[in-house]
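As provided, coords_35.txt (compact mmCIF, C-alpha atoms) reads as follows.
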# COMPACT_ATOMS: atom_id res chain seq x y z
CA MET A 78 -56.45 -0.03 21.08
CA ILE A 79 -52.74 -0.73 20.63
CA SER A 80 -52.69 1.06 17.27
CA ASN A 81 -54.33 4.10 18.89
CA LEU A 82 -51.65 4.17 21.60
CA LEU A 83 -48.90 3.93 18.98
CA ALA A 84 -50.48 6.73 16.97
CA LYS A 85 -50.73 8.88 20.09
CA ARG A 86 -47.09 8.17 20.90
CA GLN A 87 -45.99 9.11 17.37
CA HIS A 88 -47.79 12.44 17.38
CA THR A 89 -46.88 13.65 20.84
CA GLN A 90 -43.83 15.91 20.99
CA PRO A 91 -41.21 14.67 23.48
CA PRO A 92 -41.21 16.93 26.55
CA ALA A 93 -38.11 18.92 27.53
CA GLU A 94 -37.50 16.71 30.58
CA THR A 95 -37.38 13.64 28.30
CA LYS A 96 -34.67 15.24 26.18
CA LEU A 97 -32.77 16.28 29.31
CA ARG A 98 -32.94 12.74 30.69
CA LEU A 99 -31.76 11.37 27.36
CA MET A 100 -28.89 13.83 27.25
CA MET A 101 -27.79 12.95 30.80
CA GLU A 102 -28.02 9.22 30.15
CA LEU A 103 -26.11 9.53 26.89
CA ALA A 104 -23.44 11.69 28.54
CA ARG A 105 -23.07 9.17 31.36
CA LYS A 106 -22.67 6.23 28.99
CA ILE A 107 -20.28 7.82 26.51
CA SER A 108 -18.20 9.99 28.86
CA SER A 109 -15.62 7.27 29.51
CA CYS A 110 -15.67 5.77 26.00
CA LEU A 111 -13.52 7.12 23.21
CA ASP A 112 -13.95 4.32 20.69
CA LEU A 113 -16.13 5.58 17.84
CA ASP A 114 -17.79 2.23 17.08
CA ASP A 115 -18.66 1.58 20.73
CA VAL A 116 -20.26 4.99 21.23
CA LEU A 117 -22.25 4.87 17.98
CA ASN A 118 -23.54 1.43 18.96
CA LEU A 119 -24.76 2.89 22.26
CA ILE A 120 -26.54 5.74 20.47
CA ILE A 121 -28.19 3.57 17.82
CA ASP A 122 -29.48 1.19 20.50
CA MET A 123 -30.83 4.02 22.68
CA VAL A 124 -32.86 5.37 19.77
CA ARG A 125 -35.02 2.24 19.81
CA SER A 126 -36.25 3.17 23.31
CA PHE A 127 -37.98 6.24 21.86
CA ILE A 128 -38.43 5.58 18.15
CA ASP A 129 -39.33 2.17 16.83
CA TYR A 130 -37.37 0.90 13.83
CA ASP A 131 -36.70 -2.33 11.97
CA ALA A 132 -33.38 -1.21 10.53
CA ALA A 133 -31.05 1.67 11.32
CA GLY A 134 -27.68 3.04 10.34
CA ILE A 135 -25.33 5.87 11.20
CA TYR A 136 -23.55 6.97 8.03
CA ILE A 137 -20.31 8.99 7.89
CA ILE A 138 -18.68 10.74 4.93
CA GLU A 139 -15.35 9.10 4.16
CA ARG A 140 -12.49 11.54 4.67
CA THR A 141 -10.09 10.07 2.14
CA GLY A 142 -10.42 9.04 -1.49
CA LYS A 143 -10.97 10.77 -4.81
CA TYR A 144 -14.77 10.60 -4.57
CA LYS A 145 -16.80 11.41 -1.47
CA ARG A 146 -18.34 8.17 -0.28
CA VAL A 147 -20.85 7.63 2.51
CA ILE A 148 -20.14 4.59 4.68
CA ALA A 149 -22.44 2.94 7.23
CA GLN A 150 -20.30 3.25 10.34
CA THR A 151 -22.72 1.16 12.40
CA SER A 152 -26.06 -0.44 11.54
CA ARG A 153 -28.91 -2.66 12.72
CA GLY A 154 -31.38 -4.87 10.88
CA TYR A 155 -29.37 -5.49 7.70
CA GLU A 156 -27.60 -8.66 8.76
CA GLU A 157 -29.68 -11.00 6.61
CA GLU A 158 -30.26 -8.76 3.60
CA ARG A 159 -27.32 -6.40 3.63
CA SER A 160 -26.71 -4.62 0.34
CA ASN A 161 -23.45 -2.96 -0.68
CA SER A 162 -25.42 -0.23 -2.44
CA CYS A 163 -27.12 0.53 0.88
CA MET A 164 -24.03 0.34 3.10
CA CYS A 165 -21.74 2.37 0.84
CA MET A 166 -22.80 5.09 -1.60
CA LYS A 167 -21.74 8.41 -3.08
CA VAL A 168 -22.95 11.72 -1.66
CA GLY A 169 -26.29 12.48 -3.29
CA ASP A 170 -27.28 8.84 -3.87
CA GLY A 171 -30.34 7.47 -2.10
CA ILE A 172 -32.33 9.23 0.59
CA VAL A 173 -29.31 9.15 2.92
CA GLY A 174 -27.09 10.70 0.25
CA TRP A 175 -29.75 13.31 -0.54
CA VAL A 176 -29.99 14.35 3.13
CA ILE A 177 -26.20 14.62 3.38
CA LYS A 178 -26.03 16.69 0.19
CA THR A 179 -28.88 19.08 1.08
CA GLY A 180 -28.51 19.14 4.87
CA SER A 181 -32.28 18.72 5.29
CA GLY A 182 -34.03 15.94 7.19
CA ALA A 183 -36.37 13.62 5.31
CA ILE A 184 -39.50 11.61 6.19
CA VAL A 185 -40.60 9.17 3.51
CA PRO A 186 -44.03 7.62 4.32
CA ASP A 187 -43.82 5.20 1.40
CA VAL A 188 -40.41 4.39 -0.09
CA SER A 189 -41.98 2.62 -3.06
CA VAL A 190 -43.09 5.94 -4.55
CA ASP A 191 -39.87 7.87 -3.78
CA SER A 192 -37.38 7.87 -6.67
CA ARG A 193 -34.48 8.59 -4.32
CA TYR A 194 -34.86 5.33 -2.42
CA ILE A 195 -32.15 2.66 -2.76
CA SER A 196 -33.38 -0.70 -1.50
CA GLY A 197 -31.29 -2.39 1.14
CA ARG A 198 -34.16 -4.40 2.63
CA CYS A 199 -37.09 -5.80 0.65
CA SER A 200 -39.41 -5.37 3.66
CA THR A 201 -38.79 -1.64 4.23
CA LYS A 202 -41.94 0.47 3.72
CA SER A 203 -41.01 3.87 5.20
CA GLU A 204 -37.82 5.72 6.09
CA MET A 205 -36.59 8.71 8.08
CA VAL A 206 -33.18 10.36 7.83
CA ALA A 207 -31.59 13.18 9.86
CA PRO A 208 -28.35 14.97 8.89
CA ILE A 209 -25.38 14.83 11.26
CA ARG A 210 -23.66 18.21 11.56
CA ALA A 211 -20.33 19.07 13.15
CA ASN A 212 -18.80 22.55 13.16
CA GLY A 213 -21.48 23.76 10.76
CA LYS A 214 -20.83 21.04 8.17
CA VAL A 215 -22.80 17.90 7.38
CA ILE A 216 -20.53 14.93 8.08
CA GLY A 217 -23.08 12.12 7.83
CA ALA A 218 -26.67 11.02 8.44
CA PHE A 219 -28.77 8.99 10.89
CA ASN A 220 -31.14 6.64 9.06
CA LEU A 221 -34.17 4.67 10.37
CA GLU A 222 -36.29 2.25 8.35
CA SER A 223 -39.63 0.63 9.22
CA ASP A 224 -41.62 -2.28 7.83
CA ARG A 225 -44.80 -0.18 8.29
CA LEU A 226 -46.10 2.56 6.02
CA LYS A 227 -46.18 6.08 7.48
CA ALA A 228 -44.20 4.96 10.52
CA TYR A 229 -42.55 8.31 11.30
CA SER A 230 -43.79 11.79 12.18
CA LYS A 231 -42.17 15.21 12.38
CA TYR A 232 -41.81 14.71 16.13
CA ASP A 233 -39.88 11.51 15.53
CA LEU A 234 -37.61 13.47 13.19
CA GLU A 235 -37.06 16.06 15.90
CA MET A 236 -36.03 13.31 18.32
CA LEU A 237 -33.77 11.73 15.70
CA MET A 238 -32.16 15.12 15.14
CA PHE A 239 -31.34 15.19 18.84
CA PHE A 240 -29.59 11.82 18.59
CA ALA A 241 -27.86 12.96 15.39
CA ASN A 242 -26.43 15.96 17.27
CA GLU A 243 -25.12 13.65 19.98
CA ALA A 244 -23.63 11.40 17.30
CA ALA A 245 -21.86 14.43 15.77
CA ILE A 246 -20.25 15.34 19.09
CA THR A 247 -19.19 11.74 19.59
CA ILE A 248 -17.78 11.38 16.09
CA GLU A 249 -15.68 14.53 16.36
CA LYS A 250 -14.40 13.59 19.80
CA ALA A 251 -13.53 10.07 18.67
CA ARG A 252 -11.86 11.38 15.52
CA LEU A 253 -9.73 13.79 17.52
CA TYR A 254 -8.75 11.03 19.91
CA GLU A 255 -7.97 8.67 17.02
CA ALA A 256 -5.88 11.34 15.31
CA LEU A 257 -3.99 11.96 18.57
CA MET A 258 -3.33 8.24 19.05
CA GLN A 259 -2.21 7.89 15.44
CA LYS A 260 0.11 10.88 15.81
CA GLN A 261 1.61 9.41 18.97
CA ARG A 262 2.07 6.01 17.31
CA LEU A 263 3.71 7.64 14.30
CA GLU A 264 6.00 9.71 16.51
CA ALA A 265 7.00 6.59 18.43
CA GLU A 266 7.69 4.68 15.22
CA LEU A 267 9.68 7.58 13.77
CA ALA A 268 11.70 7.84 16.99
CA VAL A 269 12.62 4.17 16.62
CA ALA A 270 13.42 4.73 12.93
CA ARG A 271 15.62 7.69 13.84
CA ARG A 272 17.54 5.61 16.39
CA VAL A 273 18.01 2.86 13.81
CA GLN A 274 19.17 5.34 11.18
CA GLN A 275 21.54 7.06 13.58
CA SER A 276 23.02 3.65 14.40
CA LEU A 277 23.96 3.32 10.71
CA LEU A 278 26.18 6.41 10.93
CA PRO A 279 29.74 6.16 12.31
CA ILE A 280 29.88 6.18 16.12
CA SER A 281 33.38 7.68 16.16
CA ASP A 282 35.70 9.60 13.86
CA PRO A 283 38.89 7.92 12.60
CA LEU A 284 42.44 9.21 12.81
CA PHE A 285 43.85 7.61 9.68
CA GLY A 286 47.55 8.20 9.11
CA HIS A 287 47.99 11.90 8.38
CA TYR A 288 44.23 12.39 7.88
CA GLU A 289 42.08 13.71 10.73
CA ILE A 290 38.44 13.13 9.79
CA SER A 291 35.08 14.15 11.28
CA GLY A 292 31.50 14.08 10.03
CA LEU A 293 28.27 15.66 11.26
CA ASN A 294 24.68 15.06 10.18
CA SER A 295 21.37 16.76 10.99
CA PRO A 296 18.08 15.60 9.36
CA THR A 297 15.24 18.10 8.93
CA SER A 298 12.70 15.49 10.08
CA GLU A 299 12.85 12.42 12.33
CA VAL A 300 14.59 10.49 9.57
CA GLY A 301 16.36 11.76 6.49
CA GLY A 302 18.18 10.90 3.31
CA ASP A 303 21.70 12.20 4.03
CA TYR A 304 24.47 9.75 4.80
CA PHE A 305 28.17 9.69 5.52
CA ASP A 306 30.43 6.77 6.32
CA TYR A 307 33.97 5.49 6.77
CA ILE A 308 34.77 2.15 5.14
CA ASN A 309 37.94 0.23 5.96
CA VAL A 310 39.10 -1.13 2.60
CA ASN A 311 42.38 -2.55 3.91
CA GLU A 312 45.13 -1.62 6.33
CA ASN A 313 46.31 1.34 4.23
CA ARG A 314 43.07 2.46 2.54
CA LEU A 315 40.00 4.12 3.98
CA GLY A 316 36.85 4.95 2.05
CA VAL A 317 35.13 8.21 3.00
CA VAL A 318 31.68 8.87 1.52
CA VAL A 319 28.92 11.49 1.69
CA ALA A 320 25.61 10.81 -0.05
CA ASP A 321 22.21 12.42 -0.44
CA VAL A 322 18.96 10.71 -1.44
CA SER A 323 16.39 12.82 -3.30
CA GLY A 324 13.43 13.74 -1.11
CA LYS A 325 13.32 13.32 2.63
CA GLY A 326 11.54 11.42 5.37
CA VAL A 327 10.97 7.66 5.53
CA PRO A 328 11.22 6.89 1.75
CA ALA A 329 14.58 8.67 1.53
CA ALA A 330 15.77 6.94 4.71
CA LEU A 331 14.92 3.51 3.29
CA ILE A 332 16.86 4.16 0.09
CA MET A 333 19.75 5.55 2.13
CA ALA A 334 19.87 2.31 4.15
CA THR A 335 19.85 0.32 0.90
CA PHE A 336 22.66 2.47 -0.49
CA ARG A 337 24.76 1.99 2.64
CA ALA A 338 24.36 -1.79 2.65
CA SER A 339 25.07 -2.04 -1.10
CA LEU A 340 28.14 0.18 -0.93
CA ARG A 341 29.66 -1.69 1.99
CA GLY A 342 29.00 -4.93 0.15
CA GLN A 343 30.59 -3.73 -3.10
CA VAL A 344 33.73 -1.93 -1.90
CA CYS A 345 36.83 -4.12 -1.89
CA SER A 346 40.56 -3.58 -2.25
CA ALA A 347 40.69 -5.37 -5.61
CA CYS A 348 37.80 -3.41 -7.17
CA SER A 349 38.17 -0.03 -8.83
CA LEU A 350 35.85 2.81 -7.82
CA SER A 351 34.49 2.91 -11.36
CA SER A 352 33.35 -0.74 -11.34
CA THR A 353 32.07 -0.43 -7.77
CA PHE A 354 29.82 2.50 -8.65
CA TYR A 355 28.70 0.87 -11.88
CA GLN A 356 27.39 -2.04 -9.79
CA MET A 357 25.93 0.38 -7.23
CA ASN A 358 23.94 2.14 -9.94
CA GLU A 359 22.56 -1.15 -11.28
CA LEU A 360 21.57 -2.39 -7.80
CA LEU A 361 19.84 0.86 -6.89
CA ARG A 362 18.07 1.13 -10.23
CA GLN A 363 16.70 -2.40 -10.04
CA ASN A 364 15.33 -1.82 -6.54
CA ASN A 365 14.12 1.74 -7.06
CA PHE A 366 10.32 1.70 -6.95
CA LEU A 367 9.94 5.40 -6.10
CA ASP A 368 12.01 6.90 -8.95
CA GLN A 369 14.30 8.49 -6.39
CA PHE A 370 18.01 8.93 -7.00
CA VAL A 371 21.20 9.14 -4.99
CA THR A 372 24.10 11.55 -5.31
CA ALA A 373 27.36 10.52 -3.69
CA CYS A 374 30.98 11.52 -3.42
CA TYR A 375 33.53 8.86 -2.45
CA LEU A 376 37.16 9.45 -1.48
CA ASP A 377 39.66 6.60 -1.29
CA LEU A 378 42.36 7.76 1.13
CA ASP A 379 45.79 6.13 1.24
CA LYS A 380 47.72 6.72 4.46
CA THR A 381 51.04 5.87 2.78
CA SER A 382 50.84 8.91 0.49
CA TYR A 383 49.24 12.34 0.08
CA LYS A 384 47.17 11.42 -2.94
CA PHE A 385 43.63 10.09 -2.99
CA SER A 386 41.24 8.73 -5.57
CA TYR A 387 37.72 10.10 -5.76
CA LEU A 388 34.48 9.54 -7.63
CA ASN A 389 31.63 12.03 -7.71
CA ALA A 390 28.23 10.66 -8.76
CA GLY A 391 26.27 13.87 -9.33
CA HIS A 392 27.05 15.23 -5.86
CA ASN A 393 28.17 18.65 -4.64
CA ARG A 394 31.76 19.28 -5.69
CA PRO A 395 34.32 18.65 -2.92
CA ILE A 396 36.32 21.66 -1.79
CA VAL A 397 40.05 21.55 -1.04
CA LEU A 398 41.27 24.52 1.04
CA HIS A 399 44.98 25.25 1.20
CA GLU A 400 47.01 26.66 4.04
CA ASP A 401 47.37 30.04 2.25
CA ASP A 402 43.49 30.35 2.23
CA SER A 403 43.19 29.64 -1.46
CA TYR A 404 40.89 26.81 -2.45
CA GLU A 405 39.86 24.67 -5.38
CA MET A 406 36.78 22.62 -6.22
CA LEU A 407 37.08 19.13 -7.67
CA SER A 408 34.84 19.53 -10.70
CA GLU A 409 35.11 16.09 -12.33
CA ALA A 410 31.81 14.24 -11.89
CA SER A 411 29.64 11.43 -13.25
CA LEU A 412 25.87 10.93 -13.33
CA ILE A 413 23.60 10.37 -10.35
CA LEU A 414 22.87 6.84 -9.10
CA GLY A 415 19.70 4.80 -9.38
CA LEU A 416 17.91 6.11 -12.46
CA PHE A 417 19.77 5.30 -15.66
CA PRO A 418 20.90 1.80 -16.69
CA ARG A 419 24.44 0.77 -17.61
CA GLN A 420 26.05 4.10 -16.83
CA SER A 421 29.83 4.35 -16.72
CA TYR A 422 31.52 6.06 -13.78
CA GLU A 423 35.02 7.55 -13.83
CA HIS A 424 37.31 8.07 -10.87
CA PHE A 425 40.14 10.60 -10.60
CA THR A 426 43.27 11.21 -8.55
CA HIS A 427 44.10 14.34 -6.54
CA TYR A 428 47.23 15.32 -4.62
CA THR A 429 47.16 17.11 -1.27
CA LYS A 430 49.79 18.54 1.02
CA PRO A 431 50.05 19.17 4.77
CA GLY A 432 47.73 21.95 5.92
CA ASP A 433 45.01 21.19 3.35
CA ILE A 434 41.38 20.75 4.43
CA ILE A 435 38.97 18.70 2.33
CA LEU A 436 35.24 19.40 2.63
CA LEU A 437 32.48 17.01 1.63
CA TYR A 438 28.93 18.25 2.18
CA THR A 439 25.32 18.00 1.06
CA ASP A 440 23.22 20.77 -0.47
CA GLY A 441 21.38 21.24 2.82
CA ILE A 442 24.47 23.23 3.87
CA THR A 443 24.97 25.43 0.82
CA GLU A 444 21.24 25.88 0.10
CA ALA A 445 20.25 26.94 3.64
CA THR A 446 18.27 30.21 3.54
CA PRO A 447 17.71 33.02 6.06
CA PRO A 448 14.18 33.82 7.33
CA GLN A 449 14.01 37.20 5.57
CA SER A 450 14.96 35.95 2.11
CA LEU A 451 14.25 32.57 0.58
CA GLU A 452 16.28 33.52 -2.51
CA GLU A 453 19.60 34.08 -0.70
CA GLU A 454 21.52 30.90 0.09
CA PHE A 455 24.41 30.12 2.43
CA GLY A 456 26.48 29.14 -0.58
CA VAL A 457 30.00 27.87 -1.14
CA GLU A 458 31.73 31.17 -0.31
CA ARG A 459 30.28 31.29 3.22
CA LEU A 460 31.18 27.62 3.70
CA VAL A 461 34.78 28.37 2.68
CA GLU A 462 34.93 31.47 4.91
CA ALA A 463 33.65 29.54 7.93
CA THR A 464 36.23 26.81 7.37
CA GLN A 465 39.04 29.32 6.94
CA LYS A 466 37.98 31.12 10.13
CA TYR A 467 38.20 27.95 12.20
CA LYS A 468 40.95 26.10 10.31
CA HIS A 469 43.21 26.08 13.39
CA LEU A 470 40.69 23.86 15.21
CA SER A 471 40.31 20.10 14.98
CA SER A 472 38.23 18.60 12.18
CA SER A 473 35.43 17.83 14.68
CA GLU A 474 35.38 21.43 15.93
CA ILE A 475 35.44 22.77 12.36
CA ALA A 476 32.40 20.64 11.49
CA LYS A 477 30.52 21.94 14.54
CA ALA A 478 31.53 25.53 13.73
CA ILE A 479 30.19 25.15 10.17
CA PHE A 480 26.85 23.90 11.53
CA LYS A 481 26.73 26.77 14.02
CA THR A 482 27.43 29.29 11.24
CA VAL A 483 24.70 27.79 9.06
CA ARG A 484 22.20 27.96 11.95
CA GLU A 485 23.08 31.59 12.66
CA PHE A 486 22.64 32.40 8.98
CA SER A 487 19.27 30.64 8.63
CA GLY A 488 17.88 31.85 11.98
CA ASN A 489 14.44 30.40 12.69
CA ALA A 490 13.69 29.61 9.04
CA THR A 491 12.55 26.04 8.49
CA GLN A 492 14.99 24.33 6.16
CA SER A 493 13.82 21.98 3.44
CA ASP A 494 16.80 19.63 3.33
CA ASP A 495 19.00 17.55 5.60
CA CYS A 496 22.48 18.86 6.40
CA THR A 497 25.71 16.87 6.39
CA VAL A 498 29.34 17.98 6.39
CA LEU A 499 32.53 15.94 6.51
CA VAL A 500 35.90 17.60 7.27
CA ILE A 501 39.27 16.02 6.48
CA LYS A 502 42.42 17.77 7.78
CA VAL A 503 45.72 16.78 6.20
CA ALA A 504 48.65 16.83 8.64
Could I get this structure in the form of structure tokens?
Amino acid sequence: MISNLLAKRQHTQPPAETKLRLMMELARKISSCLDLDDVLNLIIDMVRSFIDYDAAGIYIIERTGKYKRVIAQTSRGYEEERSNSCMCMKVGDGIVGWVIKTGSGAIVPDVSVDSRYISGRCSTKSEMVAPIRANGKVIGAFNLESDRLKAYSKYDLEMLMFFANEAAITIEKARLYEALMQKQRLEAELAVARRVQQSLLPISDPLFGHYEISGLNSPTSEVGGDYFDYINVNENRLGVVVADVSGKGVPAALIMATFRASLRGQVCSACSLSSTFYQMNELLRQNNFLDQFVTACYLDLDKTSYKFSYLNAGHNRPIVLHEDDSYEMLSEASLILGLFPRQSYEHFTHYTKPGDIILLYTDGITEATPPQSLEEEFGVERLVEATQKYKHLSSSEIAKAIFKTVREFSGNATQSDDCTVLVIKVA
């Protein structure tokens, strides 16, 4: 008698009102829940009210990784005999993998005679799998297993397809919510990182003897790899540095922070620039796990004279503009920092006179491009012209005017590199 009732239940198509009631109940239960695991657990448990099973699983295609894997996002009935081959497989493997690959549902009356079957439970006799589709693509499968032969009918598959559709909606909604939360967390973390990085830059510009100095920095993302600094060597000497880490974003920012700490730790009044940068290169190279490098230009200013020492480690050449609008570029340079062991670095001396302006900058300035042409760059000539145009202003105002000129030149074009400029006026 009981077997006849079960058979009748299995071969009677669910009426439309049953599906409507299911849909309303599902909508009520999952409307306030955005956690993917919680919602899938609700769905897999509701299925048992309409389709009997001894084991069940909702499988999702993994989004990341070299090979497409299918992971059991939630499951029932495998606690005692769980198999890794059943819980995680490649697309195309097993009946679940076959359904995901073909997009067709499957009813297997006897798994023992189906070559596709991968055993996850020794007591399973029959299986039914429905594909889960979202936006026209198969993203997973809904799997039911029974300890009875011929346990499922085409009407059961139709009902399982209904639950699979609900699972698809839930998965996409939960994924969107998770992506939004992750984006917000990342933005919050980057905002903190930006505040930390900005705190590593000078909070004020020095007036050092006859040198009026000002720097300005603008990263292309929340954090960047450009850096400038003022380092008090002793009462009469001030170190002025501009540096640029290859790449951008968080990795570049981390190396920039390492560079700053190392440089401040190495600079001393008794050490030459050459030995200081030799040690800097060794420290960076030993701690460089990303094969990134640093370019830097360091000026050692002496307020008792008009000469300064400088060392250029693969950085943009400093520009010295004279009062008569002529200019020169300090071409002497050594290799970049952080890649090659035991490199020697040479420092040089340069003489200035009142009215000179010294420019240190990163390639984000000179390589800025306009929106209509990615081949044309702002270049050194435009940088010199902008400085000459505003040379009567303070060093701070000159730096701001250079940034304004670069922005006007590049328009709305998204720039690929951070921008930093440092202006030194000689009085």
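Nearest residue to Pro296 in chain A among A:Gln275, A:Ser386, A:Asn118, A:Ser126 is A:Gln275, counting all atoms listed in the file.
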Could the residues of range 381-404 of chain A that have an atom at most 10 Å from range 335-359 of chain A be listed as CSV, each with its closest atom pair and the distance in Å to one decimal, counting all atoms listed in the file and ordered by chain and ascending residue number?
residue,atom,partner,partner_atom,distance
A:Ser386,CA,A:Leu350,CA,8.3
A:Tyr387,CA,A:Leu350,CA,7.8
A:Leu388,CA,A:Leu350,CA,6.9
A:Asn389,CA,A:Phe354,CA,9.7
A:Ala390,CA,A:Phe354,CA,8.3
Which residue gives the smallest distance to Val503 in chain A among A:Glu400, A:Asp187, A:Glu249, A:Asp368, with only C-alpha atoms counted?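 Among A:Glu400, A:Asp187, A:Glu249, A:Asp368, it is A:Glu400 that comes nearest to Val503 in chain A.
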Q) Which of these residues is nearest to Ser472 in chain A, using only C-alpha atoms: A:Ala373, A:Leu117, A:Ile435, A:Ile138? A)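 Ranking A:Ala373, A:Leu117, A:Ile435, A:Ile138 by distance to Ser472 in chain A, first place goes to A:Ile435.
One distance worth recording is that between CA of His392 in chain A and CA of Cys374 in chain A, which is 5.9 Å.
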Hey, what's within 12 Å of Glu462 in chain A if we count all atoms listed in the file and toss same-chain stuff fewer than 3 positions away? As a short mmCIF file (atom, residue, chain, number, x, y, z; two decimals) with C-alpha atoms, in the frame of the given file, please?
data_model
loop_
_atom_site.label_atom_id
_atom_site.label_comp_id
_atom_site.auth_asym_id
_atom_site.auth_seq_id
_atom_site.Cartn_x
_atom_site.Cartn_y
_atom_site.Cartn_z
CA ILE A 396 36.32 21.66 -1.79
CA LEU A 398 41.27 24.52 1.04
CA ASP A 402 43.49 30.35 2.23
CA SER A 403 43.19 29.64 -1.46
CA TYR A 404 40.89 26.81 -2.45
CA PHE A 455 24.41 30.12 2.43
CA GLY A 456 26.48 29.14 -0.58
CA VAL A 457 30.00 27.87 -1.14
CA GLU A 458 31.73 31.17 -0.31
CA ARG A 459 30.28 31.29 3.22
CA GLN A 465 39.04 29.32 6.94
CA LYS A 466 37.98 31.12 10.13
CA TYR A 467 38.20 27.95 12.20
CA LYS A 468 40.95 26.10 10.31
CA ILE A 475 35.44 22.77 12.36
CA ALA A 478 31.53 25.53 13.73
CA ILE A 479 30.19 25.15 10.17
CA THR A 482 27.43 29.29 11.24
CA VAL A 483 24.70 27.79 9.06
#
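We find CA of Val318 in chain A and CA of Leu376 in chain A to be spaced 6.3 Å apart.
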CA of Phe239 in chain A to CA of Phe219 in chain A, distance in Å rounded to a single decimal: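 CA of Phe219 in chain A lies 10.4 Å from CA of Phe239 in chain A.
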Best match for closeness to Leu378 in chain A among A:Asn313, A:Thr151, A:Ser281, A:Ser291, counting all atoms listed in the file |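 Using all atoms listed in the file, Leu378 in chain A sits closest to A:Asn313.
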Practice item. Quick one: everything within 6 Å of Ala133 in chain A, counting only C-alpha atoms, minus sequence neighbours fewer than 6 positions away in the same chain. Send it as a list in words. Key: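 With the cut-off at 6 Å, the set is Ser152, Arg153, Asn220 and Leu221 of chain A.
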Write to file, as a compact mmCIF listing (two decimals), keeping the file's coordinate frame, the residues of the selection just made, with C-alpha atoms.
# COMPACT_ATOMS: atom_id res chain seq x y z
CA SER A 152 -26.06 -0.44 11.54
CA ARG A 153 -28.91 -2.66 12.72
CA ASN A 220 -31.14 6.64 9.06
CA LEU A 221 -34.17 4.67 10.37
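Across A:Arg271, A:Arg210, A:Arg394, A:Arg314, the tightest approach to Leu437 in chain A is made by A:Arg394 when counting only C-alpha atoms.
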How big is the axis-aligned box around all listed atoms of range 389-394 of chain A once 4 Å goes on each side, and where's its centre, in Å to one decimal, as JSON?
{"center_x": 29.0, "center_y": 15.0, "center_z": -7.0, "size_x": 13.5, "size_y": 16.6, "size_z": 12.7}
Exercise for review: Name the residues in contact with Thr439 in chain A at a cut-off of 12 Å, using all atoms listed in the file, excluding same-chain residues fewer than 5 positions from it; report them as number ranges by chain.
Suggested key: A: 292-296, 302-305, 318-323, 371-374, 391-396, 444-445, 456-457, 460, 494-499
Report task. Using all atoms listed in the file, find the one residue out of A:Met205, A:Ala218, A:Leu226, A:Leu277 that sits nearest to Gly174 in chain A. Result ->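 Smallest separation from Gly174 in chain A among the options: A:Ala218.
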Exercise. Skip Val215 in chain A itself and residues of its chain fewer than 2 positions away, then list as a ChimeraX atom specification all residues within 9 Å of it, counting only C-alpha atoms.
Key: /A:138,177-180,208-213,217-218
Need to verify the contact set: Gln369 in chain A, 9 Å, all atoms listed in the file, exclusion of same-chain residues closer than 6 positions in sequence. Can you return it as a PyMOL selection string? chain A and resi 322-324+328-329+332+415-416
Protein/DNA/RNA residues near (30.9, 3.0, 10.1), cut 7 Å, all atoms listed in the file, as an mmCIF file with C-alpha atoms, keeping the file's coordinate frame:
data_model
loop_
_atom_site.group_PDB
_atom_site.id
_atom_site.type_symbol
_atom_site.label_atom_id
_atom_site.label_comp_id
_atom_site.auth_asym_id
_atom_site.auth_seq_id
_atom_site.Cartn_x
_atom_site.Cartn_y
_atom_site.Cartn_z
ATOM 1 C CA LEU A 277 23.960 3.320 10.710
ATOM 2 C CA LEU A 278 26.180 6.410 10.930
ATOM 3 C CA PRO A 279 29.740 6.160 12.310
ATOM 4 C CA ILE A 280 29.880 6.180 16.120
ATOM 5 C CA ASP A 306 30.430 6.770 6.320
ATOM 6 C CA TYR A 307 33.970 5.490 6.770
ATOM 7 C CA ILE A 308 34.770 2.150 5.140
#
Please write a file for range 222-229 of chain A, taken from the block I just shared, that holds N, CA and C atoms and is laid out as a PDB file, in the first residue's frame.
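As written to disk, decode_17.pdb reads:
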ATOM      1  N   GLU A 222      20.693  11.981  -4.451  1.00  0.00           N
ATOM      2  CA  GLU A 222      21.019  10.559  -4.505  1.00  0.00           C
ATOM      3  C   GLU A 222      20.064   9.781  -3.589  1.00  0.00           C
ATOM      4  N   SER A 223      19.739   8.571  -4.010  1.00  0.00           N
ATOM      5  CA  SER A 223      18.815   7.728  -3.241  1.00  0.00           C
ATOM      6  C   SER A 223      19.410   6.336  -3.043  1.00  0.00           C
ATOM      7  N   ASP A 224      19.028   5.722  -1.938  1.00  0.00           N
ATOM      8  CA  ASP A 224      19.465   4.342  -1.668  1.00  0.00           C
ATOM      9  C   ASP A 224      18.539   3.318  -2.320  1.00  0.00           C
ATOM     10  N   ARG A 225      17.547   3.803  -3.096  1.00  0.00           N
ATOM     11  CA  ARG A 225      16.621   2.912  -3.811  1.00  0.00           C
ATOM     12  C   ARG A 225      16.890   2.992  -5.312  1.00  0.00           C
ATOM     13  N   LEU A 226      16.697   1.913  -6.004  1.00  0.00           N
ATOM     14  CA  LEU A 226      16.766   1.905  -7.459  1.00  0.00           C
ATOM     15  C   LEU A 226      15.546   2.622  -8.028  1.00  0.00           C
ATOM     16  N   LYS A 227      15.733   3.283  -9.161  1.00  0.00           N
ATOM     17  CA  LYS A 227      14.646   3.947  -9.883  1.00  0.00           C
ATOM     18  C   LYS A 227      13.839   4.863  -8.969  1.00  0.00           C
ATOM     19  N   ALA A 228      14.550   5.664  -8.174  1.00  0.00           N
ATOM     20  CA  ALA A 228      13.873   6.505  -7.181  1.00  0.00           C
ATOM     21  C   ALA A 228      13.272   7.771  -7.782  1.00  0.00           C
ATOM     22  N   TYR A 229      13.753   8.207  -8.963  1.00  0.00           N
ATOM     23  CA  TYR A 229      13.345   9.506  -9.479  1.00  0.00           C
ATOM     24  C   TYR A 229      12.681   9.406 -10.853  1.00  0.00           C
TER      25      TYR A 229
END
